[in-house]
Amino acid sequence: MAAAPSIEVTRLLLHAQDPDPNVRGRAEQQIQYFQEQNYAGFLCSLAYELSNAEKPPESRRLAGIVLKNNLDAKDDARK
């Protein structure tokens, strides 16, 4: 199950860890938008990123964290 071709999840996850606050902020906004517009696709993309050993370890690590945080939300409304 691959990510949507127009969404470059690996790039977004790597940019979300960039030390430049402008790059990081834009990536975080794009990730938030993707999550809001296509939640199921968002979760599948994160799972694919995490499971693909060919992806960079940094993007896989963040994909795992974001996926975990979405599946185990502390906020009752999100659960």
# chains A, B, ... in the order shown; residues from 1 in each chain; ligands from 1
$ residues_around --residues "stretch 63-71 of chain A" --least-positions-apart "6" --cutoff "9 Å" --atoms "only C-alpha atoms" --output "MDAnalysis selection string"
chainID A and resid 9:10 13 43 45:50 78:79
$ select_by_dssp --residues "chain A" --states "alpha helix (DSSP H)" --output "count of residues only"
52
$ closest_residue --among "A:Glu8, A:Ser59, A:His15, A:Arg26" --to "A:Phe42" --atoms "only C-alpha atoms"
A:Glu8
$ atom_distance --atom1 "atom CA of A:Arg61" --atom2 "atom CA of A:Asp18"
14.3 Å
$ residues_around --residues "A:Val23" --least-positions-apart "6" --cutoff "12 Å" --atoms "only C-alpha atoms" --output "ChimeraX atom specification"
/A:11-17,29-30
$ write_last_selection --atoms "N, CA, C and O atoms" --output "mmCIF file, in the first residue's frame"
data_model
loop_
_atom_site.group_PDB
_atom_site.id
_atom_site.type_symbol
_atom_site.label_atom_id
_atom_site.label_comp_id
_atom_site.auth_asym_id
_atom_site.auth_seq_id
_atom_site.Cartn_x
_atom_site.Cartn_y
_atom_site.Cartn_z
ATOM 1 N N ARG A 11 9.740 13.209 2.274
ATOM 2 C CA ARG A 11 10.249 14.583 2.249
ATOM 3 C C ARG A 11 9.613 15.418 3.352
ATOM 4 O O ARG A 11 10.308 16.162 4.054
ATOM 5 N N LEU A 12 8.316 15.294 3.532
ATOM 6 C CA LEU A 12 7.637 16.065 4.574
ATOM 7 C C LEU A 12 8.159 15.714 5.964
ATOM 8 O O LEU A 12 8.395 16.590 6.793
ATOM 9 N N LEU A 13 8.338 14.425 6.214
ATOM 10 C CA LEU A 13 8.821 14.000 7.532
ATOM 11 C C LEU A 13 10.253 14.475 7.784
ATOM 12 O O LEU A 13 10.585 14.892 8.897
ATOM 13 N N LEU A 14 11.078 14.426 6.762
ATOM 14 C CA LEU A 14 12.456 14.908 6.920
ATOM 15 C C LEU A 14 12.474 16.422 7.125
ATOM 16 O O LEU A 14 13.214 16.933 7.967
ATOM 17 N N HIS A 15 11.658 17.135 6.369
ATOM 18 C CA HIS A 15 11.599 18.592 6.521
ATOM 19 C C HIS A 15 10.989 19.000 7.862
ATOM 20 O O HIS A 15 11.313 20.062 8.389
ATOM 21 N N ALA A 16 10.123 18.172 8.407
ATOM 22 C CA ALA A 16 9.523 18.473 9.715
ATOM 23 C C ALA A 16 10.550 18.403 10.836
ATOM 24 O O ALA A 16 10.298 18.863 11.944
ATOM 25 N N GLN A 17 11.729 17.851 10.541
ATOM 26 C CA GLN A 17 12.804 17.754 11.529
ATOM 27 C C GLN A 17 13.941 18.731 11.219
ATOM 28 O O GLN A 17 14.978 18.704 11.873
ATOM 29 N N GLN A 29 2.793 22.227 8.580
ATOM 30 C CA GLN A 29 1.496 22.667 8.056
ATOM 31 C C GLN A 29 0.985 21.712 6.988
ATOM 32 O O GLN A 29 -0.204 21.367 6.962
ATOM 33 N N GLN A 30 1.880 21.261 6.108
ATOM 34 C CA GLN A 30 1.474 20.333 5.055
ATOM 35 C C GLN A 30 1.059 18.982 5.641
ATOM 36 O O GLN A 30 0.091 18.374 5.174
#
